[in-house]
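**Q** Below is final-v3.cif; it holds mmCIF, C-alpha atoms and all ligand atoms.
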```
data_entry
#
loop_
_atom_site.label_atom_id
_atom_site.label_comp_id
_atom_site.auth_asym_id
_atom_site.auth_seq_id
_atom_site.Cartn_x
_atom_site.Cartn_y
_atom_site.Cartn_z
CA MET A 1 5.21 34.35 -15.55
CA ARG A 2 8.65 35.59 -14.62
CA ALA A 3 9.94 33.64 -11.63
CA ILE A 4 9.05 35.70 -8.56
CA PRO A 5 10.97 34.37 -5.54
CA TYR A 6 8.27 35.72 -3.23
CA TYR A 7 5.87 33.02 -4.46
CA ALA A 8 8.40 30.16 -4.49
CA GLU A 9 6.11 27.90 -2.43
CA HIS A 10 3.35 28.29 -5.03
CA GLU A 11 5.49 27.49 -8.08
CA ALA A 12 3.39 24.52 -9.25
CA PHE A 13 0.18 26.54 -8.88
CA VAL A 14 1.68 29.46 -10.81
CA ASP A 15 2.84 27.15 -13.61
CA SER A 16 -0.57 25.56 -14.03
CA VAL A 17 -2.36 28.93 -14.06
CA ALA A 18 0.16 30.31 -16.57
CA LYS A 19 -0.34 27.31 -18.84
CA LEU A 20 -4.12 27.61 -18.70
CA ILE A 21 -4.29 31.33 -19.39
CA HIS A 22 -1.62 31.49 -22.09
CA GLN A 23 -2.92 28.41 -23.93
CA GLU A 24 -6.68 28.73 -23.49
CA LEU A 25 -7.52 32.38 -22.89
CA ALA A 26 -4.80 34.61 -24.37
CA PRO A 27 -5.46 33.54 -28.00
CA LYS A 28 -9.10 34.71 -27.71
CA ILE A 29 -8.51 38.03 -25.94
CA SER A 30 -8.30 40.26 -29.03
CA GLU A 31 -11.60 38.89 -30.34
CA TRP A 32 -13.31 39.52 -26.98
CA GLU A 33 -11.84 43.01 -26.71
CA ARG A 34 -13.20 43.83 -30.18
CA ALA A 35 -16.61 42.38 -29.25
CA ASN A 36 -16.70 44.47 -26.02
CA HIS A 37 -17.60 41.29 -24.17
CA PHE A 38 -16.14 38.06 -22.89
CA PRO A 39 -18.36 35.00 -22.45
CA ASN A 40 -19.45 33.66 -19.07
CA GLU A 41 -17.79 30.38 -20.14
CA VAL A 42 -14.52 31.97 -18.98
CA PHE A 43 -15.87 31.96 -15.42
CA LYS A 44 -17.08 28.37 -15.85
CA LEU A 45 -13.70 27.23 -17.18
CA LEU A 46 -11.89 28.84 -14.25
CA GLY A 47 -14.50 27.45 -11.86
CA GLN A 48 -14.01 23.90 -13.15
CA GLN A 49 -10.31 24.17 -12.34
CA GLY A 50 -11.00 25.45 -8.81
CA TYR A 51 -9.62 28.94 -9.51
CA LEU A 52 -12.76 30.83 -8.46
CA GLY A 53 -12.65 29.47 -4.93
CA LEU A 54 -9.10 30.33 -3.89
CA LEU A 55 -10.19 32.19 -0.75
CA ILE A 56 -13.46 30.28 -0.19
CA SER A 57 -13.61 27.46 2.33
CA GLU A 58 -14.14 23.84 1.31
CA LYS A 59 -17.58 23.87 2.93
CA TYR A 60 -18.82 25.98 -0.01
CA GLY A 61 -16.72 24.24 -2.68
CA GLY A 62 -13.58 26.41 -2.49
CA ILE A 63 -10.03 25.42 -1.67
CA GLY A 64 -9.60 27.56 1.46
CA GLY A 65 -6.35 29.24 0.37
CA ASP A 66 -4.77 32.35 1.87
CA TYR A 67 -4.01 35.88 0.64
CA LYS A 68 -0.56 34.85 -0.54
CA LEU A 69 -2.02 32.22 -2.85
CA ALA A 70 -4.52 34.83 -4.06
CA GLY A 71 -1.60 37.23 -4.60
CA ALA A 72 0.23 34.65 -6.72
CA TRP A 73 -2.96 34.27 -8.76
CA CYS A 74 -3.20 38.05 -9.31
CA GLU A 75 0.38 38.27 -10.53
CA VAL A 76 0.05 35.44 -13.02
CA PHE A 77 -3.57 35.96 -14.16
CA GLY A 78 -2.70 39.65 -14.57
CA GLU A 79 -0.45 38.70 -17.48
CA LEU A 80 -3.54 38.37 -19.70
CA PRO A 81 -3.61 41.42 -21.96
CA SER A 82 -7.13 42.37 -20.91
CA VAL A 83 -7.09 44.00 -17.49
CA GLY A 84 -10.88 44.40 -17.58
CA LEU A 85 -11.36 40.64 -17.88
CA THR A 86 -8.76 39.99 -15.19
CA VAL A 87 -10.35 42.38 -12.71
CA ALA A 88 -13.90 41.18 -13.54
CA VAL A 89 -12.80 37.68 -12.51
CA ASN A 90 -10.83 38.83 -9.48
CA MET A 91 -13.60 41.08 -8.18
CA HIS A 92 -16.04 38.17 -8.40
CA SER A 93 -13.84 35.46 -6.92
CA LEU A 94 -11.34 37.21 -4.64
CA VAL A 95 -13.24 40.25 -3.38
CA ILE A 96 -17.03 39.79 -3.59
CA SER A 97 -17.40 36.07 -2.82
CA HIS A 98 -14.74 36.44 -0.13
CA ALA A 99 -16.62 39.33 1.53
CA LEU A 100 -19.86 37.35 1.36
CA GLU A 101 -18.22 34.41 3.11
CA ILE A 102 -16.79 36.64 5.87
CA TYR A 103 -19.90 38.68 6.57
CA GLY A 104 -22.91 36.92 5.02
CA THR A 105 -25.60 34.94 6.82
CA GLU A 106 -25.56 31.16 6.47
CA GLU A 107 -28.65 31.40 4.27
CA ALA A 108 -27.01 33.87 1.85
CA LYS A 109 -23.73 31.93 1.76
CA SER A 110 -25.42 28.61 1.01
CA LYS A 111 -27.51 30.27 -1.66
CA TRP A 112 -24.67 31.95 -3.56
CA LEU A 113 -21.22 30.59 -2.77
CA PRO A 114 -21.49 27.02 -4.14
CA LYS A 115 -22.65 28.52 -7.45
CA ALA A 116 -20.07 31.34 -7.30
CA VAL A 117 -17.07 28.99 -7.09
CA ILE A 118 -18.12 27.09 -10.22
CA GLY A 119 -18.90 30.25 -12.17
CA GLU A 120 -22.65 29.59 -12.31
CA ALA A 121 -23.52 32.75 -10.35
CA LEU A 122 -21.46 35.93 -10.64
CA GLY A 123 -21.14 38.75 -8.17
CA ALA A 124 -20.73 42.53 -8.24
CA TYR A 125 -19.83 45.06 -5.55
CA ALA A 126 -21.79 48.31 -5.63
CA PHE A 127 -20.34 51.23 -3.65
CA THR A 128 -20.03 54.06 -6.15
CA GLU A 129 -22.94 56.31 -7.09
CA PRO A 130 -23.36 58.99 -9.75
CA GLY A 131 -22.86 61.65 -7.04
CA ALA A 132 -20.39 59.87 -4.73
CA GLY A 133 -17.19 57.99 -5.60
CA SER A 134 -14.21 59.10 -3.53
CA ASP A 135 -16.64 60.70 -1.11
CA LEU A 136 -18.41 57.43 -0.30
CA ALA A 137 -19.86 58.75 2.97
CA HIS A 138 -22.24 60.81 0.84
CA ILE A 139 -23.94 57.92 -0.93
CA ARG A 140 -27.71 58.37 -1.23
CA THR A 141 -28.90 54.80 -1.69
CA THR A 142 -31.09 53.95 1.27
CA ALA A 143 -32.47 50.82 2.86
CA THR A 144 -35.56 51.43 4.98
CA ARG A 145 -37.30 49.04 7.32
CA LYS A 146 -40.76 47.93 6.20
CA GLY A 147 -42.19 45.44 8.68
CA SER A 148 -39.90 42.41 8.65
CA THR A 149 -38.18 43.42 5.39
CA TRP A 150 -36.16 46.31 3.92
CA LEU A 151 -36.71 48.43 0.83
CA ILE A 152 -33.64 49.57 -1.14
CA ASN A 153 -33.85 52.71 -3.26
CA GLY A 154 -31.14 54.49 -5.22
CA SER A 155 -28.64 54.07 -8.03
CA LYS A 156 -25.07 52.86 -8.40
CA THR A 157 -22.63 53.45 -11.20
CA PHE A 158 -19.37 52.09 -12.67
CA ILE A 159 -20.20 48.62 -11.36
CA THR A 160 -17.88 45.89 -12.67
CA ASN A 161 -19.89 42.79 -13.72
CA GLY A 162 -23.01 44.89 -13.06
CA ALA A 163 -24.78 43.75 -16.23
CA ARG A 164 -24.09 40.05 -15.72
CA ALA A 165 -24.10 39.66 -11.93
CA GLU A 166 -26.65 37.43 -10.25
CA TYR A 167 -25.91 38.81 -6.78
CA ILE A 168 -24.80 42.29 -5.83
CA LEU A 169 -23.36 43.51 -2.55
CA VAL A 170 -24.94 46.95 -2.17
CA LEU A 171 -23.70 49.59 0.27
CA THR A 172 -26.69 51.55 1.61
CA LYS A 173 -27.50 54.10 4.24
CA THR A 174 -29.80 52.67 6.91
CA ASP A 175 -29.57 55.61 9.32
CA PRO A 176 -28.65 59.04 7.91
CA ASN A 177 -28.11 60.39 11.45
CA ALA A 178 -25.69 57.72 12.65
CA GLY A 179 -22.50 58.86 10.88
CA TYR A 180 -20.22 55.96 9.97
CA SER A 181 -22.51 53.59 11.90
CA GLY A 182 -25.36 54.42 9.53
CA PHE A 183 -24.24 52.17 6.66
CA THR A 184 -25.34 48.61 5.95
CA THR A 185 -24.50 46.24 3.10
CA PHE A 186 -27.09 43.87 1.63
CA VAL A 187 -26.71 41.07 -0.87
CA VAL A 188 -29.33 41.64 -3.54
CA ASP A 189 -30.59 39.01 -5.97
CA ALA A 190 -30.50 40.55 -9.46
CA LYS A 191 -33.82 38.86 -10.20
CA SER A 192 -35.51 40.97 -7.50
CA LYS A 193 -38.48 43.10 -8.50
CA GLY A 194 -37.44 46.75 -8.79
CA PHE A 195 -33.81 46.05 -9.74
CA LYS A 196 -32.68 47.21 -13.17
CA VAL A 197 -29.43 47.54 -15.13
CA SER A 198 -29.94 51.08 -16.43
CA ARG A 199 -27.09 51.03 -18.96
CA LYS A 200 -23.66 49.72 -19.82
CA LEU A 201 -20.89 52.33 -19.99
CA HIS A 202 -18.51 52.80 -22.94
CA LYS A 203 -14.93 53.17 -21.81
CA LEU A 204 -11.39 54.11 -22.88
CA GLY A 205 -10.21 50.59 -22.00
CA TRP A 206 -11.41 47.47 -20.18
CA HIS A 207 -13.45 46.79 -23.32
CA ALA A 208 -14.18 43.11 -22.64
CA SER A 209 -15.47 43.88 -19.15
CA ASP A 210 -18.96 45.19 -18.48
CA THR A 211 -19.29 48.29 -16.34
CA ALA A 212 -22.87 49.17 -15.56
CA GLU A 213 -25.20 51.63 -13.95
CA LEU A 214 -27.72 49.99 -11.62
CA PHE A 215 -31.09 51.18 -10.39
CA PHE A 216 -32.97 50.08 -7.27
CA SER A 217 -36.62 50.98 -6.84
CA ASP A 218 -38.26 49.53 -3.70
CA VAL A 219 -36.15 46.39 -3.98
CA GLU A 220 -37.30 44.19 -1.12
CA VAL A 221 -34.77 42.19 0.89
CA ASP A 222 -35.06 40.42 4.23
CA ASP A 223 -32.67 40.16 7.19
CA SER A 224 -30.91 37.12 5.70
CA CYS A 225 -29.47 39.51 3.08
CA ILE A 226 -27.67 41.73 5.61
CA LEU A 227 -23.88 41.43 5.71
CA GLY A 228 -22.85 41.33 9.35
CA LYS A 229 -25.09 43.56 11.44
CA VAL A 230 -27.06 46.68 10.62
CA GLY A 231 -24.64 49.64 10.87
CA GLU A 232 -21.46 47.67 10.08
CA GLY A 233 -21.35 48.50 6.37
CA TRP A 234 -18.73 51.23 6.60
CA ALA A 235 -16.20 49.16 8.55
CA GLN A 236 -16.72 46.23 6.18
CA ALA A 237 -16.25 48.49 3.15
CA ALA A 238 -12.95 49.80 4.54
CA ALA A 239 -11.62 46.27 5.12
CA ASN A 240 -12.78 45.01 1.72
CA LEU A 241 -11.36 48.04 -0.07
CA ASN A 242 -7.98 47.43 1.53
CA TRP A 243 -7.80 43.95 -0.01
CA GLU A 244 -9.35 45.12 -3.30
CA ARG A 245 -6.66 47.81 -3.57
CA LEU A 246 -3.91 45.28 -3.03
CA MET A 247 -5.50 42.97 -5.61
CA LEU A 248 -5.49 45.86 -8.11
CA THR A 249 -1.87 46.65 -7.21
CA LEU A 250 -0.67 43.08 -7.77
CA THR A 251 -2.61 42.90 -11.04
CA SER A 252 -0.95 46.15 -12.16
CA LEU A 253 2.48 44.73 -11.37
CA ALA A 254 1.79 41.83 -13.73
CA GLY A 255 0.73 44.24 -16.47
CA ALA A 256 3.84 46.35 -15.94
CA ARG A 257 6.03 43.24 -16.28
CA MET A 258 4.32 42.32 -19.53
CA CYS A 259 4.97 45.83 -20.88
CA LEU A 260 8.64 45.55 -19.95
CA GLU A 261 8.91 42.12 -21.57
CA THR A 262 7.22 43.25 -24.79
CA ALA A 263 9.27 46.47 -24.97
CA THR A 264 12.56 44.66 -24.32
CA LYS A 265 11.87 42.10 -27.05
CA TYR A 266 10.89 44.82 -29.52
CA ALA A 267 13.88 47.02 -28.70
CA LEU A 268 16.24 44.11 -29.34
CA GLU A 269 14.63 43.26 -32.69
CA ARG A 270 13.86 46.70 -34.11
CA LYS A 271 16.71 48.24 -36.12
CA ALA A 272 17.33 51.97 -36.69
CA PHE A 273 20.50 53.60 -38.01
CA GLY A 274 21.91 50.10 -38.50
CA ARG A 275 21.60 48.92 -34.94
CA ALA A 276 19.04 47.56 -32.49
CA VAL A 277 17.13 50.43 -30.87
CA SER A 278 18.01 48.86 -27.48
CA ASP A 279 21.60 50.00 -28.19
CA PHE A 280 20.60 53.65 -27.89
CA PRO A 281 21.35 54.76 -24.31
CA VAL A 282 18.04 56.63 -24.06
CA ILE A 283 16.08 53.46 -24.89
CA SER A 284 18.11 51.18 -22.63
CA GLY A 285 17.66 53.88 -19.95
CA TYR A 286 13.85 53.63 -20.34
CA LEU A 287 14.07 49.85 -19.99
CA LYS A 288 16.18 50.13 -16.85
CA ASP A 289 13.79 52.67 -15.34
CA MET A 290 10.85 50.36 -16.10
CA GLU A 291 12.63 47.48 -14.37
CA ARG A 292 13.60 49.62 -11.38
CA LYS A 293 10.01 50.78 -10.86
CA ILE A 294 8.77 47.18 -11.04
CA LEU A 295 11.34 46.02 -8.48
CA LEU A 296 10.38 48.81 -6.09
CA GLY A 297 6.70 48.09 -6.62
CA GLU A 298 7.23 44.39 -5.88
CA ALA A 299 9.07 45.17 -2.66
CA LEU A 300 6.29 47.44 -1.38
CA ALA A 301 3.36 45.35 -2.57
CA HIS A 302 4.78 42.10 -1.19
CA ARG A 303 5.42 43.73 2.17
CA ALA A 304 1.80 44.87 2.25
CA LEU A 305 0.67 41.36 1.28
CA ASP A 306 2.79 39.89 4.09
CA ASP A 307 1.15 42.24 6.58
CA LEU A 308 -2.35 41.50 5.32
CA SER A 309 -1.67 37.74 5.44
CA ASN A 310 -0.43 38.06 9.02
CA HIS A 311 -3.39 40.19 10.14
CA ARG A 312 -1.21 43.26 10.73
CA ASP A 313 -2.55 46.76 10.11
CA CYS A 314 -1.51 47.50 6.52
CA ARG A 315 -3.64 50.47 5.47
CA LEU A 316 -0.57 52.68 5.05
CA LEU A 317 1.41 50.10 3.08
CA VAL A 318 -1.53 49.18 0.86
CA ALA A 319 -2.27 52.83 0.06
CA ALA A 320 1.43 53.51 -0.63
CA ALA A 321 1.78 50.41 -2.80
CA LYS A 322 -1.41 51.12 -4.75
CA ARG A 323 -0.46 54.70 -5.43
CA MET A 324 3.10 53.93 -6.48
CA VAL A 325 2.52 50.75 -8.48
CA CYS A 326 -0.65 51.88 -10.26
CA ASP A 327 0.83 55.25 -11.24
CA ASP A 328 4.08 53.59 -12.33
CA ALA A 329 2.26 50.92 -14.35
CA VAL A 330 0.73 53.65 -16.51
CA TRP A 331 4.18 55.26 -16.93
CA ILE A 332 5.65 51.89 -17.86
CA ALA A 333 2.91 51.17 -20.42
CA ASP A 334 3.47 54.64 -21.87
CA LYS A 335 7.19 53.98 -22.24
CA ALA A 336 6.40 50.62 -23.87
CA ILE A 337 4.41 52.52 -26.51
CA GLN A 338 7.29 54.98 -26.94
CA ILE A 339 9.84 52.20 -27.43
CA HIS A 340 7.59 50.66 -30.11
CA GLY A 341 7.54 54.00 -31.99
CA GLY A 342 4.65 54.26 -34.50
CA TYR A 343 3.80 50.57 -34.10
CA GLY A 344 3.19 51.22 -30.42
CA TYR A 345 0.29 53.44 -31.40
CA THR A 346 -1.34 50.69 -33.48
CA THR A 347 -3.55 47.87 -32.28
CA GLU A 348 -1.14 45.38 -33.90
CA TYR A 349 0.92 45.46 -30.72
CA THR A 350 -0.22 45.14 -27.12
CA PRO A 351 1.23 48.28 -25.43
CA GLU A 352 -1.66 50.51 -26.52
CA ARG A 353 -4.15 48.16 -24.83
CA TRP A 354 -1.99 47.87 -21.72
CA TRP A 355 -1.84 51.65 -21.57
CA ARG A 356 -5.64 52.06 -21.96
CA ASP A 357 -6.35 49.27 -19.50
CA LEU A 358 -3.79 50.16 -16.85
CA ARG A 359 -4.94 53.79 -16.97
CA LEU A 360 -7.93 52.81 -14.82
CA MET A 361 -5.76 51.48 -12.00
CA PRO A 362 -4.92 54.87 -10.43
CA ILE A 363 -8.69 55.58 -10.41
CA GLY A 364 -10.56 52.35 -9.55
CA GLY A 365 -10.86 51.16 -5.94
CA GLY A 366 -9.83 54.63 -4.70
CA THR A 367 -7.86 57.18 -6.70
CA SER A 368 -4.16 57.98 -6.31
CA GLU A 369 -5.14 61.28 -4.73
CA ILE A 370 -7.28 59.47 -2.15
CA MET A 371 -4.37 57.07 -1.51
CA GLY A 372 -2.22 60.16 -0.89
CA GLY A 373 -4.72 61.35 1.71
CA ILE A 374 -4.68 57.96 3.47
CA ILE A 375 -0.88 57.94 3.50
CA THR A 376 -0.79 61.40 5.10
CA LYS A 377 -3.41 60.44 7.68
CA GLU A 378 -1.75 57.13 8.57
CA LEU A 379 1.69 58.74 8.91
CA ALA A 380 0.25 61.39 11.20
CA ARG A 381 -1.37 58.63 13.30
CA GLY A 382 2.11 57.21 13.88
C1 LIG B 1 -14.12 50.73 -15.26
C2 LIG B 1 -14.50 51.06 -13.85
C3 LIG B 1 -14.85 50.02 -12.98
C4 LIG B 1 -15.27 50.30 -11.67
N1 LIG B 1 -15.75 49.29 -10.87
C5 LIG B 1 -16.39 49.61 -9.71
C6 LIG B 1 -17.10 48.60 -8.96
O1 LIG B 1 -17.12 47.42 -9.33
N2 LIG B 1 -17.77 48.98 -7.84
C7 LIG B 1 -17.79 50.29 -7.40
O2 LIG B 1 -18.41 50.56 -6.38
N3 LIG B 1 -17.10 51.25 -8.07
C8 LIG B 1 -16.42 50.96 -9.21
N4 LIG B 1 -15.76 51.93 -9.93
C9 LIG B 1 -15.77 53.31 -9.42
C10 LIG B 1 -14.41 53.82 -8.94
O3 LIG B 1 -14.05 53.16 -7.74
C11 LIG B 1 -14.53 55.34 -8.80
O4 LIG B 1 -14.58 55.86 -10.12
C12 LIG B 1 -13.38 55.96 -8.03
O5 LIG B 1 -13.45 55.58 -6.68
C13 LIG B 1 -13.38 57.50 -8.13
O6 LIG B 1 -14.63 58.04 -7.83
P1 LIG B 1 -15.29 59.09 -8.85
O7 LIG B 1 -15.25 58.50 -10.22
O8 LIG B 1 -16.63 59.47 -8.32
O9 LIG B 1 -14.32 60.34 -8.84
P2 LIG B 1 -14.46 61.62 -7.89
O10 LIG B 1 -14.60 61.18 -6.49
O11 LIG B 1 -15.51 62.50 -8.44
O12 LIG B 1 -13.05 62.31 -8.10
C14 LIG B 1 -12.76 63.21 -9.16
C15 LIG B 1 -11.32 63.70 -8.97
O13 LIG B 1 -11.21 64.41 -7.74
C16 LIG B 1 -10.19 63.84 -6.93
N5 LIG B 1 -10.58 63.93 -5.52
C17 LIG B 1 -11.77 63.60 -4.95
N6 LIG B 1 -11.71 63.78 -3.62
C18 LIG B 1 -10.46 64.23 -3.33
C19 LIG B 1 -9.77 64.59 -2.14
N7 LIG B 1 -10.35 64.48 -0.93
N8 LIG B 1 -8.48 65.02 -2.24
C20 LIG B 1 -7.87 65.09 -3.44
N9 LIG B 1 -8.46 64.76 -4.61
C21 LIG B 1 -9.74 64.33 -4.56
C22 LIG B 1 -10.12 62.39 -7.39
O14 LIG B 1 -8.86 61.81 -7.04
C23 LIG B 1 -10.32 62.53 -8.88
O15 LIG B 1 -9.10 62.92 -9.48
C24 LIG B 1 -15.27 51.65 -11.21
C25 LIG B 1 -14.86 52.68 -12.08
C26 LIG B 1 -14.51 52.41 -13.37
C27 LIG B 1 -14.17 53.56 -14.30
#
```
Is it possible to express this structure as structure tokens?

**A**
Amino acid sequence: MRAIPYYAEHEAFVDSVAKLIHQELAPKISEWERANHFPNEVFKLLGQQGYLGLLISEKYGGIGGDYKLAGAWCEVFGELPSVGLTVAVNMHSLVISHALEIYGTEEAKSKWLPKAVIGEALGAYAFTEPGAGSDLAHIRTTATRKGSTWLINGSKTFITNGARAEYILVLTKTDPNAGYSGFTTFVVDAKSKGFKVSRKLHKLGWHASDTAELFFSDVEVDDSCILGKVGEGWAQAAANLNWERLMLTLTSLAGARMCLETATKYALERKAFGRAVSDFPVISGYLKDMERKILLGEALAHRALDDLSNHRDCRLLVAAAKRMVCDDAVWIADKAIQIHGGYGYTTEYTPERWWRDLRLMPIGGGTSEIMGGIITKELARG
């Protein structure tokens, strides 16, 4: 990892994560990308080292760290050239388990969290549906009271870890007439009767990560599976998405830095017309623009992370950072391909995978267009 002054207090942590990922995981990434799968042993390895419990309290086996520590993790773990794997891990450990600890009942937390932090039980978060992504208020999955239990019916799509998750946080509608107070999230055991992984999706990138379509037919859950209270699902989703978006932003920054590093090295080594291609002003100009975008992205993302860590309202900053950094990361990966010339288009070099993988970042967790809408709304709010 390039030294990032912002994380100076976590230098030792960053070094040990960097060592682990570059020595143990990076050499196997290409094989896993080709196999369209990475083994669950990755989660277990990270769990053994305590890395799956960064935001989870010691009571459940975590280390009780804060968002800044989690941010440092995102920016070093994001150096792995497999954004799908990185986000699969981060969704499980930083977003899903974290949300379960904040909102879950004691029964649900004791059931899942001790296993989650050692990588023995994996989580997924299911908001999106075939007919509702950006327009989440129009989800059709319902949870209806039946005596002392609830029955969940509906389908979800694009769910990261969906095919391997043991527990799934499912956003449902519990009262179609209650507007934003009509949503409730349940934690569903994937072994429940009526739950099915309908199919795994084939994608442009994120090949090692599974993205699945899920089906719920009269899946029975009891009150211990409710996150918070009935009707609080929408507010919880908004808070979780804010952190998820920042996690994706910090992960994208790491990918953008890796593209810059790879492109700089190549431009210095590759000769054309008797000189290094980095000597051509147009190429050195690309490299400078890449660096400038990364510096700006860092400034915005770290300010948002500061605000989140200090419990300040950061919806505007997070939306602005996600939009800028995620869009720029794709631009940076594209320029890395360009600087590599024909080799950039081959799988012998990493920029093509960075480009395919980073391309999801302006879509996942809320698109750049939706971020634009939030920015406009927040600015108008003053
Ligand atoms: C690999 C992958 C992993 C994912 N993981 C998860 C996961 O784990 N859990 C989960 O719940 N979801 C997940 N998603 C879903 C992702 O969050 C959605 O794809 C995303 O929110 C966009 O929704 P959509 O695909 O339905 O696009 P749509 O909402 O149909 O949007 C289509 C286009 O219209 C634009 N648009 C829509 N509304 C507006 C508007 N108001 N103003 C301007 N433009 C607009 C969008 O920006 C986009 O360009 C994942 C997706 C992928 C591809």

**Q** List the neighbours of A:Gln338 out to 12 Å using all atoms listed in the file; skip same-chain residues closer than 4 positions along the sequence, and give me the result as a ChimeraX atom specification.

**A** /A:259-260,262-264,266-267,277,282-283,286-287,331-334,342-346,351-352,355

**Q** If we count only C-alpha atoms and set the cut-off at 12 Å, which residues sit around A:Glu24, ignoring sequence neighbours fewer than 4 positions away in its own chain? Please answer as a list in words.

**A** Ser16, Val17, Ala18, Lys19, Leu20, Lys28, Ile29, Glu41, Val42, Leu45, Leu46 and Leu80 of chain A

**Q** Using all atoms listed in the file - which residues lie no farther than 12 Å from the point (-20.9, 60.0, -2.0) in the file's frame? Write them as an MDAnalysis selection string.

**A** chainID A and resid 127:141 155:157 171:173

**Q** Store the residues of this selection in a file with C-alpha atoms, as a PDB file, keeping the file's coordinate frame.

**A**
```
ATOM      1  CA  PHE A 127     -20.340  51.230  -3.650  1.00  0.00           C
ATOM      2  CA  THR A 128     -20.030  54.060  -6.150  1.00  0.00           C
ATOM      3  CA  GLU A 129     -22.940  56.310  -7.090  1.00  0.00           C
ATOM      4  CA  PRO A 130     -23.360  58.990  -9.750  1.00  0.00           C
ATOM      5  CA  GLY A 131     -22.860  61.650  -7.040  1.00  0.00           C
ATOM      6  CA  ALA A 132     -20.390  59.870  -4.730  1.00  0.00           C
ATOM      7  CA  GLY A 133     -17.190  57.990  -5.600  1.00  0.00           C
ATOM      8  CA  SER A 134     -14.210  59.100  -3.530  1.00  0.00           C
ATOM      9  CA  ASP A 135     -16.640  60.700  -1.110  1.00  0.00           C
ATOM     10  CA  LEU A 136     -18.410  57.430  -0.300  1.00  0.00           C
ATOM     11  CA  ALA A 137     -19.860  58.750   2.970  1.00  0.00           C
ATOM     12  CA  HIS A 138     -22.240  60.810   0.840  1.00  0.00           C
ATOM     13  CA  ILE A 139     -23.940  57.920  -0.930  1.00  0.00           C
ATOM     14  CA  ARG A 140     -27.710  58.370  -1.230  1.00  0.00           C
ATOM     15  CA  THR A 141     -28.900  54.800  -1.690  1.00  0.00           C
ATOM     16  CA  SER A 155     -28.640  54.070  -8.030  1.00  0.00           C
ATOM     17  CA  LYS A 156     -25.070  52.860  -8.400  1.00  0.00           C
ATOM     18  CA  THR A 157     -22.630  53.450 -11.200  1.00  0.00           C
ATOM     19  CA  LEU A 171     -23.700  49.590   0.270  1.00  0.00           C
ATOM     20  CA  THR A 172     -26.690  51.550   1.610  1.00  0.00           C
ATOM     21  CA  LYS A 173     -27.500  54.100   4.240  1.00  0.00           C
TER      22      LYS A 173
END
```

**Q** Atom CA of A:Leu241 and atom CA of A:Asp66, how far apart in Å?

**A**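 One can read the atom CA of A:Asp66 to atom CA of A:Leu241 distance as 17.1 Å.
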
**Q** With distances taken over all atoms listed in the file, which residue among A:Ala321, A:Ile363, A:Cys225, A:Val95 lies nearest ligand LIG 1 (chain B)?

**A** A:Ile363

**Q** Excluding stretch 143-150 of chain A and any residue of its chain fewer than 2 positions from it, enumerate the residues within 8 Å of it, using only C-alpha atoms, and give them as a short mmCIF file (atom, residue, chain, number, x, y, z; two decimals) with C-alpha atoms, keeping the file's coordinate frame.

**A**
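That gives us out.cif:
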```cif
data_model
loop_
_atom_site.label_atom_id
_atom_site.label_comp_id
_atom_site.auth_asym_id
_atom_site.auth_seq_id
_atom_site.Cartn_x
_atom_site.Cartn_y
_atom_site.Cartn_z
CA THR A 141 -28.90 54.80 -1.69
CA ILE A 152 -33.64 49.57 -1.14
CA ASN A 153 -33.85 52.71 -3.26
CA THR A 172 -26.69 51.55 1.61
CA LYS A 173 -27.50 54.10 4.24
CA THR A 174 -29.80 52.67 6.91
CA VAL A 219 -36.15 46.39 -3.98
CA GLU A 220 -37.30 44.19 -1.12
CA VAL A 221 -34.77 42.19 0.89
CA ASP A 222 -35.06 40.42 4.23
CA ASP A 223 -32.67 40.16 7.19
#
```

**Q** Near stretch 249-257 of chain A, within 7 Å and counting all atoms listed in the file, which residues show up once chain neighbours fewer than 4 positions away are dropped, as a PyMOL selection string?

**A** chain A and resi 71+74-76+78-79+245+261+294+301+321-322+325-326+329+332-333+354+358

**Q** I want to know what sits within 7 Å of A:Glu213, based on all atoms listed in the file, with residues of the same chain fewer than 5 positions away left out; could you give that as a ChimeraX atom specification?

**A** /A:156-159,197-200

**Q** Kindly save the residues from that selection, with C-alpha atoms included, as an mmCIF file, in the frame of the given file.

**A**
```cif
data_model
loop_
_atom_site.group_PDB
_atom_site.id
_atom_site.type_symbol
_atom_site.label_atom_id
_atom_site.label_comp_id
_atom_site.auth_asym_id
_atom_site.auth_seq_id
_atom_site.Cartn_x
_atom_site.Cartn_y
_atom_site.Cartn_z
ATOM 1 C CA LYS A 156 -25.070 52.860 -8.400
ATOM 2 C CA THR A 157 -22.630 53.450 -11.200
ATOM 3 C CA PHE A 158 -19.370 52.090 -12.670
ATOM 4 C CA ILE A 159 -20.200 48.620 -11.360
ATOM 5 C CA VAL A 197 -29.430 47.540 -15.130
ATOM 6 C CA SER A 198 -29.940 51.080 -16.430
ATOM 7 C CA ARG A 199 -27.090 51.030 -18.960
ATOM 8 C CA LYS A 200 -23.660 49.720 -19.820
#
```

**Q** With distances taken over all atoms listed in the file, which residue among A:Lys115, A:Arg381, A:Arg270, A:Lys68 lies nearest A:Leu316?

**A**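 Smallest distance to A:Leu316 is found for A:Arg381.
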
**Q** To one decimal place, how far is atom C25 of ligand LIG 1 (chain B) from atom CA of A:Asn161 in Å?

**A** 11.2 Å

**Q** Please enclose the listed atoms of ligand LIG 1 (chain B) in an axis-aligned box, pad each side by 3 Å, and write out the centre and the three edge lengths in Å, rounded to one decimal, as JSON.

**A**
```
{"center_x": -13.1, "center_y": 56.3, "center_z": -8.1, "size_x": 16.5, "size_y": 23.7, "size_z": 20.3}
```
